[in-house]
Amino acid sequence: MTDTTTDTVPAVTYKVRKARHPILGFVLQQPLGAMGLLVIIIMMLCGLFAEVVAPYDPLQIDYMAILQAPSADHWMGTDDFGRDILSRVIYGARTALAVGFIASLAGCSIGAIIGMVSAYFGGWVDTIIQRLMDVLLSFPIIVLALAIVAILGKNVVGGIDINLIIAIGLPIIPKVARVIRSSALAIRELPYIDAARAAGFSHKRIVMRHILPNVTAPFLIMLTAYVAQAILLEASLSFLGLGVTEPTPAWGLMLSGSAAQYYQEAPWMIIFPGIAISLAVFAFNLFGDALRDWLDPKVRM
Amino acid sequence: MLAYTIRRILLMVPTLLGVAILVFLMLRLMPGDIVETMLREGGGNVPAHVIEQERVRLGLDKPIHIQFISWFGGILQGDFGASMWTGKPVLHEIGSRLELSLQIALMATFLAVLIALPLGTLAAIFKNTIVDHVIRVISIAGLAIPSFWLGMVIILLLLTFYGWIPPLTFTSFFEDPWRNLSQLIWPAMAVGYRYSAVATRMARSSILEVMQEDYIRTARAKGVYERLVVARHGMRNALLPVITVIGLEFAFLIGGLVVTEQVFNLNGIGRLFVQATTRGDYTMIQGLVLLVAVTFIMVNFLIDMLYAALDPRIRYK
Amino acid sequence: MIRSRFAVGAGFVGAALLTTALAAPALAEEPRHGGILNFAVGAEPPNYDCHANTSFAFTHPVRPHYNTLLRFVPDNYPEVEGDLAESWEVSEDGLTYTFHLREGVEFHDGSPFTSEDVRATYDRLRDPPDGVVSIRQASYSDIEAIETPDDHTVIFKLSGPNAAMLANFASPWDCIYSAEKLAEDPNFPRQNILGTGPFVFEEHAAGSHWIGKRNENYWDPERPYLDGYRAVFISGAPMVNALSAGEVLAEFRGHSPADADRIMQQLGDDGVRQEGPWACLLSVALNVEKPPFDDVRVRQALSLAIDRWGGAEALSRIALVRDVGGILRPGYDYAASNEELESLPGFGRDVEANRAEARRLLEEAGYSDLSFTFTNRNVPMPYTPVGVFLIDQWRQIGVTVEHEQLETRLYTDKLLGDELEAGLDYACDFMDEPSIQLIKYISADKSAINYTGSIDETLDRLYEEQSRELDVEKRKELIRKFEKHLLTQAYQFPTIWWHRIIVHHDKLKNWHITPSHYLNVDLADVWLAE
């Protein structure tokens, strides 16, 4: 379907000309996705080189410059501690992307493993896993996250709170497990898996050699999509005061607490971090969408 | 069909039990309890035996499994227990706030359908053209913008341009429909945008899928006018997945409401939930989580039944 | 006019209200009867029992239904006057308190109020039956016996002199209940309201509002002036908006400076601003059972690092803290003067010298690269700004601090537990009284709110002595000694005192700010201008 043209008779689909470089092909076929990718790359660079890009130290308190409107000195204004909002937004990219990537990667990987195990073994293993996934699915995400943060407390390793990652990654698991399970189920029914089993190959080998490659496309697509969700969830949790804590610069946190108090007299306090969250999530969704169309249009999220 | 229905109902039991156990355990594993909030919040010198006595009164001193059995036993008889905070029945507390949240949820759903069907259809008909791209951008933006932030921005705009502020208290639709709608339309929009985005995307892809089907091709081959094809044949069959996604999102609207109700000063389920969590009102949290889970599971069930009714293959699988 | 607004609800009339013309207030205005007072309350009470509650969320909506034995004079704190007591005598030795009660007072159900009700109430306070919570029980442990020689006389016999006793009888929490109802069910007040107060309970819509209407049979025929009140449960930005638009006329807890400025700006001439030091303090508590805080040099260094004078000025622009003080509220009779303060460690004006000393102390103690977790309460105002401020101050002497903000419940649990390293503790009392405020600092085995684990016999002895000392000057001296010893040991030390700012609509008359937001909330004396 990727290559169907816009004419009204899409009856015949034919293979993409493989000669083109894959990245170039992606850019040409998915201009919106390419734009998303560009935004993601810019944000990553900002996050990685925040020390160079940011005009101020994001923790620098300046009580002489509190709640200042955007100006030449402070392009996005200052917050109630006189801290430069632009610098905090730039450093916030680091927090958002790190938490988003790691949480999504962890959630998707565990979800994929569970999904594959469930599909491959079937029977009572499948039944039990599916019921457990149902339980997790029917749980409001906020409660899950709240409970995890509260039970586990804080556990900061290398500037990132591992327990926050768990709280954000956990709700991803059942969703990914479902999709991967159905993809894997479809493959399991194919004769060559039977053949492999008849040939006496180990479970591990069958899964690794035959099933895994076939679920890679949906996995990659979901990984991208859930980075977006993870960023959004991190922002919501921080907004509710359950995620990252002051004075760490994080977008969701910048919208909560005193920002919620002052946003009517100092709207810049919420406008810019909000745009940053939206833009990041937007870019990942755009890219994820394009990736799906490009890799495997049949995957349903 | 009957066998399938029974099997589906039986499958709901372990899920619900699982949710109940999980939420119960989670709350009990958390350090601190409601007595801390109730008695120590003022910072006064509260003697330890007073704290202990309150724990006993609330039954928090008993072993966890005893607490669970007495709570779950009550649920089976339709008694969700009393809020540990106010001492009033959980169902009563939820009931008094349900109308507001339900109304926002329904309004948001209505908005979502109103926006999603035409946009999704347009995007499908004009696939890969500029129309499709614009709609895609609009709907992806809906997924990207946090609803609490959208709510803040809406309030900011209304305040700046119209001097409007959220009313102090809720007016029921049956009391004064105009006041009621003018209060709730904004939060419904803040929540509904994301909702409509999800539905738009689903509408687009399912219409596209249906249009690949043989009978559509046949219709087209017969020379039926394109728009008519979509309207007559496509829409009806494409609706199912859209209904599915709307139903599933509906069950989870409470997530969006949690923050939006804070921003708009609304006394609904979402705010009750936030209050219950900060206070550590176990029975209330348990009641609310079960309520959401039951809604979710019921919606799932109804959708499955709908599919099964329409597609006999599912029943025999 | 308020009535009509009440009837149509409070939706879109804000602009119209702002233009309401007001006559220039005369010096002594004649109170006007009538009107419904709409005011905001930032939270909601868990139950209706005065003796079991601790929050302003309780006093603001519920207290107008009750009277106490004595009360603080609304416009002349800390002077005490009779409420249900008409007059009283204290014996020379301070051991006998005799109260003469008002006659002709009725509960809202029409039953007469007698000395038996006072006795039942104070018995419940000092020795609650099983299942009844009396939070401030300790304040009444000196009461040995309560006698009721006749229907309108109550005599309290104390086991020893108690400097705080008279103030205790004016405590806003000690609502007088009906003895008859308490006898039927000791927990009757938990879910029911039956008082003698100026307003009768009408409605509590959970999560939304609370309504009281005028008690037509109130013992003072002149008061209350209001026809009724409606407390609306809102907070944060919606509350500020409602105040700015005149939809509610007041909020009696206190505003951040920025909010106060904005409301004043919106209300213009219709706004009245009252402010003063608040009997609330955020202090740093260090777990002295745990290294490095078992080392007094480390504790002193952390206190020395704080630029209290500069910080007070800076923070007062964004947070509701402003006044530098020791262990008692600045401005209170027993509090240290500025000169006395400046001689205490950490209160000197020379910040650089303090910080140099702090660095030296840390080095000497072998902790020049100290780092720890600082536990704070997840409440934006003023906990977050003060927490961020402290972390920045400590950063300036080379100490790295991880900020941990927890929900109230998890936060108190952490403070109480052994896991605590350092935390931001708070004390917010309903009146100035050394015997109440100093409990926080006595040995941890004697105080439920000393989270540092410190054991210090000097402090315990000084505390006991000052609580029994009826002579003001001698008591002051004891308190100064206590303060100096505590701040030198620095188990816990004050940051900056809260500053209470109330902005209300000019239509609300005869309401006076007090150092505690628990006080002056019975609404008996306030009235509404046209």
# chains A, B, ... in the order shown; residues from 1 in each chain; ligands from 1
$ residues_around --residues "segment 31-45 of chain B" --least-positions-apart "2" --cutoff "6 Å" --atoms "only C-alpha atoms" --output "list in words"
Arg279, Gly280 and Asp281 of chain B; Thr54, Ser55, Arg409, Leu410, Asp413, Ala427, Ala448 and Ile449 of chain C
$ write_last_selection --atoms "N, CA and C atoms" --output "compact mmCIF listing (two decimals), in the first residue's frame"
# COMPACT_ATOMS: atom_id res chain seq x y z
N ARG B 279 -5.15 12.19 50.00
CA ARG B 279 -5.51 11.93 51.39
C ARG B 279 -5.18 10.50 51.81
N GLY B 280 -5.11 9.61 50.83
CA GLY B 280 -4.90 8.21 51.17
C GLY B 280 -6.21 7.55 51.58
N ASP B 281 -7.31 7.98 50.97
CA ASP B 281 -8.62 7.44 51.27
C ASP B 281 -8.79 6.10 50.52
N THR C 54 -7.72 19.53 62.59
CA THR C 54 -6.49 20.29 62.73
C THR C 54 -6.35 21.35 61.65
N SER C 55 -7.30 21.44 60.75
CA SER C 55 -7.07 22.25 59.56
C SER C 55 -8.00 23.46 59.49
N ARG C 409 0.97 12.66 53.20
CA ARG C 409 0.92 11.40 53.93
C ARG C 409 2.28 10.71 53.88
N LEU C 410 2.89 10.67 52.69
CA LEU C 410 4.19 10.01 52.55
C LEU C 410 5.26 10.85 53.23
N ASP C 413 5.13 10.41 56.95
CA ASP C 413 5.66 9.07 57.23
C ASP C 413 7.19 9.07 57.18
N ALA C 427 5.38 24.07 61.37
CA ALA C 427 4.56 24.19 62.55
C ALA C 427 3.64 25.36 62.28
N ALA C 448 5.82 14.20 70.05
CA ALA C 448 5.45 13.43 68.85
C ALA C 448 5.82 14.17 67.58
N ILE C 449 6.25 15.44 67.72
CA ILE C 449 6.55 16.19 66.51
C ILE C 449 8.00 16.63 66.41
$ select_by_dssp --residues "segment 43-275 of chain B" --states "alpha helix (DSSP H)" --output "PyMOL selection string"
chain B and resi 48-57+64-76+90-125+130-144+147-162+177-211+214-221+226-229+235-251+253-263+269-275
$ interface_residues --of "chain A" --to "chain C" --cutoff "10 Å" --atoms "only C-alpha atoms" --output "MDAnalysis selection string"
chainID A and resid 59:64 66:67 80:81 149:151 153:154 156 240:248 256:265
$ write_last_selection --atoms "N, CA, C and O atoms" --output "CSV table (one decimal), in the first residue's frame"
chain,number,residue,atom,x,y,z
A,59,LEU,N,19.5,26.3,36.8
A,59,LEU,CA,19.2,26.3,38.2
A,59,LEU,C,19.6,27.7,38.8
A,59,LEU,O,19.3,27.9,40.0
A,60,GLN,N,20.1,28.6,38.0
A,60,GLN,CA,20.5,29.9,38.6
A,60,GLN,C,19.3,30.7,39.0
A,60,GLN,O,18.5,31.1,38.2
A,61,ILE,N,19.3,30.9,40.4
A,61,ILE,CA,18.2,31.7,40.9
A,61,ILE,C,18.5,33.2,40.9
A,61,ILE,O,19.7,33.5,41.2
A,62,ASP,N,17.6,34.0,40.4
A,62,ASP,CA,17.9,35.4,40.4
A,62,ASP,C,16.6,36.2,40.9
A,62,ASP,O,15.7,36.4,40.2
A,63,TYR,N,16.7,36.5,42.2
A,63,TYR,CA,15.5,37.1,42.8
A,63,TYR,C,15.2,38.5,42.3
A,63,TYR,O,14.2,39.1,42.6
A,64,MET,N,16.2,39.0,41.6
A,64,MET,CA,16.1,40.4,41.1
A,64,MET,C,15.3,40.3,39.7
A,64,MET,O,14.9,41.4,39.2
A,66,ILE,N,12.5,38.1,38.8
A,66,ILE,CA,11.4,37.2,38.9
A,66,ILE,C,10.3,37.6,38.0
A,66,ILE,O,10.0,38.7,37.8
A,67,LEU,N,9.7,36.5,37.4
A,67,LEU,CA,8.5,36.7,36.6
A,67,LEU,C,8.6,37.8,35.5
A,67,LEU,O,7.7,38.6,35.3
A,80,ASP,N,9.2,32.2,38.6
A,80,ASP,CA,9.0,32.9,39.8
A,80,ASP,C,10.3,32.9,40.7
A,80,ASP,O,10.4,33.5,41.7
A,81,PHE,N,11.3,32.1,40.2
A,81,PHE,CA,12.6,32.2,40.9
A,81,PHE,C,13.6,33.0,40.1
A,81,PHE,O,14.8,33.1,40.4
A,149,VAL,N,5.3,5.0,42.1
A,149,VAL,CA,6.2,6.1,42.6
A,149,VAL,C,6.2,6.1,44.1
A,149,VAL,O,7.2,6.2,44.8
A,150,ALA,N,5.0,5.9,44.7
A,150,ALA,CA,4.9,5.9,46.2
A,150,ALA,C,5.5,4.7,46.8
A,150,ALA,O,6.2,4.9,47.9
A,151,ILE,N,5.3,3.6,46.3
A,151,ILE,CA,5.9,2.4,46.9
A,151,ILE,C,7.4,2.3,46.8
A,151,ILE,O,8.1,2.0,47.7
A,153,GLY,N,9.5,4.8,45.9
A,153,GLY,CA,10.2,6.0,46.3
A,153,GLY,C,11.1,6.5,45.1
A,153,GLY,O,10.8,6.1,44.0
A,154,LYS,N,12.2,7.2,45.5
A,154,LYS,CA,13.0,7.7,44.4
A,154,LYS,C,14.3,6.8,44.3
A,154,LYS,O,14.8,6.4,45.3
A,156,VAL,N,17.5,7.4,42.0
A,156,VAL,CA,18.1,8.2,40.9
A,156,VAL,C,19.4,7.5,40.6
A,156,VAL,O,20.3,7.4,41.4
A,240,LEU,N,1.3,16.6,38.1
A,240,LEU,CA,0.5,16.2,39.3
A,240,LEU,C,1.5,16.1,40.5
A,240,LEU,O,1.1,15.8,41.6
A,241,GLY,N,2.7,16.4,40.3
A,241,GLY,CA,3.7,16.4,41.4
A,241,GLY,C,4.2,15.0,41.7
A,241,GLY,O,4.7,14.8,42.8
A,242,LEU,N,4.0,14.0,40.8
A,242,LEU,CA,4.5,12.7,41.1
A,242,LEU,C,5.7,12.3,40.3
A,242,LEU,O,6.3,11.2,40.5
A,243,GLY,N,6.2,13.1,39.4
A,243,GLY,CA,7.3,12.8,38.6
A,243,GLY,C,8.6,13.4,39.1
A,243,GLY,O,9.0,13.2,40.2
A,244,VAL,N,9.2,14.2,38.2
A,244,VAL,CA,10.4,14.8,38.5
A,244,VAL,C,10.2,15.9,39.5
A,244,VAL,O,9.1,16.5,39.6
A,245,THR,N,11.1,16.2,40.4
A,245,THR,CA,10.9,17.2,41.4
A,245,THR,C,11.8,18.4,41.2
A,245,THR,O,12.9,18.3,40.6
A,246,GLU,N,11.3,19.6,41.7
A,246,GLU,CA,12.1,20.8,41.6
A,246,GLU,C,13.5,20.5,42.3
A,246,GLU,O,13.5,19.8,43.3
A,247,PRO,N,14.5,21.2,41.9
A,247,PRO,CA,14.6,22.2,40.9
A,247,PRO,C,15.0,21.6,39.5
A,247,PRO,O,15.3,22.4,38.6
A,248,THR,N,14.9,20.3,39.3
A,248,THR,CA,15.3,19.7,38.0
A,248,THR,C,14.4,20.3,36.9
A,248,THR,O,13.2,20.4,37.1
A,256,SER,N,3.4,23.0,36.5
A,256,SER,CA,2.6,22.7,37.7
A,256,SER,C,3.1,23.7,38.8
A,256,SER,O,3.8,24.6,38.6
A,257,GLY,N,2.6,23.4,40.0
A,257,GLY,CA,3.0,24.2,41.2
A,257,GLY,C,2.8,25.7,41.0
A,257,GLY,O,1.7,26.2,40.7
A,258,SER,N,4.0,26.4,41.1
A,258,SER,CA,3.8,27.9,41.0
A,258,SER,C,3.4,28.4,39.7
A,258,SER,O,2.7,29.4,39.6
A,259,ALA,N,3.7,27.6,38.6
A,259,ALA,CA,3.2,28.0,37.3
A,259,ALA,C,1.7,28.0,37.2
A,259,ALA,O,1.0,28.9,36.7
A,260,ALA,N,1.1,27.0,37.8
A,260,ALA,CA,-0.4,26.9,37.9
A,260,ALA,C,-0.9,28.1,38.7
A,260,ALA,O,-2.0,28.5,38.4
A,261,GLN,N,-0.1,28.6,39.6
A,261,GLN,CA,-0.5,29.7,40.4
A,261,GLN,C,-0.4,31.0,39.7
A,261,GLN,O,-1.3,31.9,39.8
A,262,TYR,N,0.7,31.1,38.9
A,262,TYR,CA,1.0,32.4,38.3
A,262,TYR,C,0.6,32.6,36.9
A,262,TYR,O,0.9,33.6,36.3
A,263,TYR,N,0.1,31.5,36.2
A,263,TYR,CA,0.0,31.6,34.8
A,263,TYR,C,-0.8,32.6,34.2
A,263,TYR,O,-0.7,33.0,33.1
A,264,GLN,N,-1.7,33.2,35.0
A,264,GLN,CA,-2.6,34.2,34.5
A,264,GLN,C,-1.9,35.6,34.4
A,264,GLN,O,-2.1,36.4,33.5
A,265,GLU,N,-0.9,35.8,35.4
A,265,GLU,CA,-0.2,37.1,35.2
A,265,GLU,C,1.1,36.9,34.4
A,265,GLU,O,1.7,37.8,33.9
$ interface_residues --of "chain A" --to "chain B" --cutoff "7 Å" --atoms "only C-alpha atoms" --output "VMD selection string"
chain A and resid 6 131 134 to 135 138 to 140 142 147 150 to 151 232 264 274 278 281 to 282 285 to 286
$ closest_residue --among "B:Thr109, B:Thr260, B:Thr86, B:Asn180" --to "chain C" --atoms "only C-alpha atoms"
B:Thr86
$ residues_around --residues "Gly59 of chain B" --least-positions-apart "4" --cutoff "12 Å" --atoms "only C-alpha atoms" --output "MDAnalysis selection string"
(chainID B and resid 33:35 52:55 63:68 70:71 81:82 84 282:283) or (chainID C and resid 131)
$ select_by_dssp --residues "segment 162-356 of chain C" --states "strand (DSSP E or B)" --output "short mmCIF file (atom, residue, chain, number, x, y, z; two decimals) with N, CA, C and O atoms, in the first residue's frame"
data_model
loop_
_atom_site.label_atom_id
_atom_site.label_comp_id
_atom_site.auth_asym_id
_atom_site.auth_seq_id
_atom_site.Cartn_x
_atom_site.Cartn_y
_atom_site.Cartn_z
N PHE C 199 -24.40 30.92 63.92
CA PHE C 199 -25.03 30.45 62.70
C PHE C 199 -25.48 28.99 62.82
O PHE C 199 -24.80 28.18 63.43
N VAL C 200 -26.61 28.70 62.21
CA VAL C 200 -27.17 27.36 62.24
C VAL C 200 -26.79 26.64 60.96
O VAL C 200 -26.79 27.24 59.88
N PHE C 201 -26.44 25.37 61.10
CA PHE C 201 -26.04 24.58 59.93
C PHE C 201 -27.20 24.37 58.98
O PHE C 201 -28.31 24.05 59.38
N GLU C 202 -26.93 24.58 57.70
CA GLU C 202 -27.99 24.41 56.71
C GLU C 202 -27.66 23.32 55.71
O GLU C 202 -28.44 22.41 55.48
N GLU C 203 -26.47 23.38 55.10
CA GLU C 203 -26.18 22.41 54.05
C GLU C 203 -24.67 22.24 53.86
O GLU C 203 -23.92 23.20 53.94
N HIS C 204 -24.25 21.00 53.59
CA HIS C 204 -22.89 20.74 53.16
C HIS C 204 -22.96 19.93 51.88
O HIS C 204 -23.33 18.76 51.91
N ALA C 205 -22.68 20.55 50.75
CA ALA C 205 -22.63 19.82 49.48
C ALA C 205 -21.20 19.39 49.26
O ALA C 205 -20.33 20.22 48.97
N HIS C 209 -19.78 23.20 48.46
CA HIS C 209 -19.96 24.35 49.33
C HIS C 209 -20.59 23.97 50.66
O HIS C 209 -21.03 22.84 50.86
N TRP C 210 -20.67 24.96 51.56
CA TRP C 210 -21.19 24.80 52.91
C TRP C 210 -22.04 26.03 53.22
O TRP C 210 -21.60 27.15 52.97
N ILE C 211 -23.24 25.82 53.76
CA ILE C 211 -24.12 26.97 54.01
C ILE C 211 -24.55 27.01 55.48
O ILE C 211 -24.93 25.99 56.06
N GLY C 212 -24.46 28.20 56.07
CA GLY C 212 -24.98 28.42 57.41
C GLY C 212 -25.94 29.60 57.37
O GLY C 212 -25.74 30.54 56.59
N LYS C 213 -26.97 29.54 58.20
CA LYS C 213 -27.87 30.70 58.22
C LYS C 213 -27.95 31.26 59.65
O LYS C 213 -27.63 30.57 60.63
N ARG C 214 -28.37 32.50 59.76
CA ARG C 214 -28.36 33.23 61.01
C ARG C 214 -29.12 32.46 62.10
O ARG C 214 -30.20 31.92 61.88
N GLY C 228 -26.54 35.06 56.74
CA GLY C 228 -25.99 33.72 56.55
C GLY C 228 -24.68 33.80 55.80
O GLY C 228 -24.20 34.88 55.46
N TYR C 229 -24.07 32.62 55.58
CA TYR C 229 -22.82 32.60 54.82
C TYR C 229 -22.79 31.37 53.94
O TYR C 229 -23.51 30.40 54.17
N ARG C 230 -21.98 31.48 52.92
CA ARG C 230 -21.76 30.32 52.06
C ARG C 230 -20.27 30.19 51.84
O ARG C 230 -19.64 31.07 51.27
N ALA C 231 -19.69 29.09 52.32
CA ALA C 231 -18.27 28.82 52.12
C ALA C 231 -18.15 27.94 50.89
O ALA C 231 -18.75 26.87 50.83
N VAL C 232 -17.41 28.41 49.89
CA VAL C 232 -17.25 27.66 48.65
C VAL C 232 -15.87 27.01 48.65
O VAL C 232 -14.87 27.67 48.90
N PHE C 233 -15.82 25.70 48.37
CA PHE C 233 -14.54 25.00 48.40
C PHE C 233 -13.81 25.16 47.07
O PHE C 233 -14.04 24.39 46.14
N ALA C 250 -13.97 37.01 50.26
CA ALA C 250 -12.75 36.81 51.03
C ALA C 250 -12.32 35.35 50.98
O ALA C 250 -13.09 34.46 50.59
N GLU C 251 -11.09 35.15 51.38
CA GLU C 251 -10.53 33.83 51.65
C GLU C 251 -9.69 34.05 52.89
O GLU C 251 -8.85 34.96 52.90
N GLY C 271 -10.84 46.81 47.11
CA GLY C 271 -10.02 45.82 47.78
C GLY C 271 -9.48 46.36 49.10
O GLY C 271 -9.17 47.54 49.22
N VAL C 272 -9.39 45.49 50.09
CA VAL C 272 -8.76 45.85 51.36
C VAL C 272 -7.67 44.83 51.61
O VAL C 272 -7.90 43.64 51.47
N ARG C 273 -6.48 45.30 51.98
CA ARG C 273 -5.37 44.39 52.22
C ARG C 273 -4.98 44.47 53.68
O ARG C 273 -4.74 45.55 54.20
N GLN C 274 -4.95 43.33 54.36
CA GLN C 274 -4.48 43.29 55.74
C GLN C 274 -3.34 42.28 55.80
O GLN C 274 -3.43 41.22 55.19
N GLU C 275 -2.29 42.59 56.53
CA GLU C 275 -1.21 41.62 56.62
C GLU C 275 -0.45 41.71 57.93
O GLU C 275 -0.56 42.71 58.65
N GLY C 276 0.31 40.66 58.23
CA GLY C 276 1.11 40.63 59.44
C GLY C 276 1.81 39.30 59.58
O GLY C 276 1.51 38.36 58.83
N PRO C 277 2.73 39.20 60.53
CA PRO C 277 3.44 37.93 60.74
C PRO C 277 2.46 36.81 61.09
O PRO C 277 1.44 37.05 61.74
N TRP C 278 2.78 35.63 60.65
CA TRP C 278 1.89 34.49 60.77
C TRP C 278 2.52 33.51 61.77
O TRP C 278 3.73 33.32 61.72
N ALA C 279 1.71 32.89 62.59
CA ALA C 279 2.26 31.96 63.59
C ALA C 279 2.59 30.62 62.95
O ALA C 279 2.27 29.56 63.48
N CYS C 280 3.22 30.66 61.79
CA CYS C 280 3.58 29.44 61.07
C CYS C 280 5.05 29.53 60.69
O CYS C 280 5.51 30.58 60.28
N LEU C 281 5.72 28.40 60.79
CA LEU C 281 7.16 28.41 60.56
C LEU C 281 7.57 27.15 59.80
O LEU C 281 7.10 26.06 60.08
N LEU C 282 8.46 27.34 58.83
CA LEU C 282 9.10 26.19 58.20
C LEU C 282 10.49 26.09 58.79
O LEU C 282 11.23 27.07 58.82
N SER C 283 10.83 24.91 59.29
CA SER C 283 12.17 24.76 59.84
C SER C 283 12.84 23.53 59.25
O SER C 283 12.18 22.66 58.71
N VAL C 284 14.15 23.50 59.37
CA VAL C 284 14.91 22.38 58.86
C VAL C 284 15.12 21.39 59.99
O VAL C 284 15.60 21.77 61.06
N ALA C 285 14.72 20.14 59.78
CA ALA C 285 14.94 19.10 60.78
C ALA C 285 16.00 18.14 60.27
O ALA C 285 15.92 17.66 59.15
N LEU C 286 17.01 17.90 61.09
CA LEU C 286 18.09 17.00 60.70
C LEU C 286 18.00 15.74 61.55
O LEU C 286 17.77 15.82 62.76
N VAL C 321 6.24 33.88 52.80
CA VAL C 321 7.13 33.98 53.96
C VAL C 321 7.78 35.35 53.93
O VAL C 321 8.00 35.90 52.86
N ARG C 322 8.06 35.92 55.06
CA ARG C 322 8.70 37.22 55.05
C ARG C 322 9.53 37.52 56.28
O ARG C 322 10.56 38.19 56.20
N ASP C 323 9.15 37.05 57.47
CA ASP C 323 9.74 37.58 58.68
C ASP C 323 10.82 36.66 59.24
O ASP C 323 10.65 35.45 59.32
#
$ residues_around --residues "Ser87 of chain A" --least-positions-apart "6" --cutoff "12 Å" --atoms "only C-alpha atoms" --output "count of residues only"
30
$ residues_around --residues "segment 394-397 of chain C" --least-positions-apart "3" --cutoff "10 Å" --atoms "only C-alpha atoms" --output "MDAnalysis selection string"
chainID C and resid 301:306 355:360 362 368:371 389:391 400:401
$ residues_around --residues "Lys88 of chain B" --least-positions-apart "5" --cutoff "12 Å" --atoms "only C-alpha atoms" --output "PDB file with C-alpha atoms, in the first residue's frame"
ATOM      1  CA  ASP B  79     -21.587  -2.356  49.481  1.00  0.00           C
ATOM      2  CA  PHE B  80     -18.465  -0.427  48.555  1.00  0.00           C
ATOM      3  CA  GLY B  81     -17.830   0.631  52.125  1.00  0.00           C
ATOM      4  CA  ALA B  82     -17.527   4.091  53.618  1.00  0.00           C
ATOM      5  CA  SER B  83     -15.006   6.712  52.631  1.00  0.00           C
ATOM      6  CA  GLU B  93     -19.790  10.283  47.356  1.00  0.00           C
ATOM      7  CA  ILE B  94     -19.239   9.084  43.807  1.00  0.00           C
ATOM      8  CA  GLY B  95     -22.913   9.439  42.942  1.00  0.00           C
ATOM      9  CA  SER B  96     -23.057  13.075  43.943  1.00  0.00           C
ATOM     10  CA  ASP B 281      -8.624   7.437  51.269  1.00  0.00           C
ATOM     11  CA  THR B 283     -11.868   2.743  50.212  1.00  0.00           C
ATOM     12  CA  MET B 284     -12.565   5.673  47.914  1.00  0.00           C
TER      13      MET B 284
ATOM     14  CA  PRO C  46     -13.032  15.226  56.849  1.00  0.00           C
ATOM     15  CA  ASN C  47     -15.665  15.322  59.595  1.00  0.00           C
ATOM     16  CA  ARG C 190     -18.415  13.687  64.149  1.00  0.00           C
ATOM     17  CA  GLN C 191     -21.307  13.630  61.703  1.00  0.00           C
ATOM     18  CA  ALA C 206     -19.557  17.581  49.406  1.00  0.00           C
TER      19      ALA C 206
END
$ residues_around --residues "Thr216 of chain A" --least-positions-apart "6" --cutoff "10 Å" --atoms "only C-alpha atoms" --output "ChimeraX atom specification"
/A:112,180,183,222,295
$ write_last_selection --atoms "N, CA and C atoms" --output "PDB file, in the first residue's frame"
ATOM      1  N   ALA A 112       7.099  -7.006  24.332  1.00  0.00           N
ATOM      2  CA  ALA A 112       7.331  -7.865  23.175  1.00  0.00           C
ATOM      3  C   ALA A 112       7.675  -9.281  23.628  1.00  0.00           C
ATOM      4  N   ILE A 180       2.091  -7.597  19.692  1.00  0.00           N
ATOM      5  CA  ILE A 180       3.136  -8.552  19.325  1.00  0.00           C
ATOM      6  C   ILE A 180       2.571  -9.974  19.361  1.00  0.00           C
ATOM      7  N   SER A 183       0.677 -10.567  16.191  1.00  0.00           N
ATOM      8  CA  SER A 183       1.598 -10.715  15.056  1.00  0.00           C
ATOM      9  C   SER A 183       2.257 -12.082  15.111  1.00  0.00           C
ATOM     10  N   MET A 222       5.934   0.645  17.303  1.00  0.00           N
ATOM     11  CA  MET A 222       5.384   0.920  18.628  1.00  0.00           C
ATOM     12  C   MET A 222       6.398   1.657  19.494  1.00  0.00           C
ATOM     13  N   LEU A 295       6.855   1.046   6.819  1.00  0.00           N
ATOM     14  CA  LEU A 295       7.298  -0.313   7.134  1.00  0.00           C
ATOM     15  C   LEU A 295       6.174  -1.329   6.995  1.00  0.00           C
TER      16      LEU A 295
END
$ atom_distance --atom1 "atom CA of Gly423 of chain C" --atom2 "atom CA of Asn287 of chain C"
8.4 Å
$ closest_residue --among "C:Phe169, C:Tyr367, C:Tyr451, C:Phe347" --to "chain B" --atoms "only C-alpha atoms"
C:Tyr451
$ closest_residue --among "C:Ala183, C:Met264, C:Val503, C:Ala138" --to "chain B" --atoms "only C-alpha atoms"
C:Ala138
$ atom_distance --atom1 "atom CA of His49 of chain B" --atom2 "atom CA of Val133 of chain C"
9.9 Å
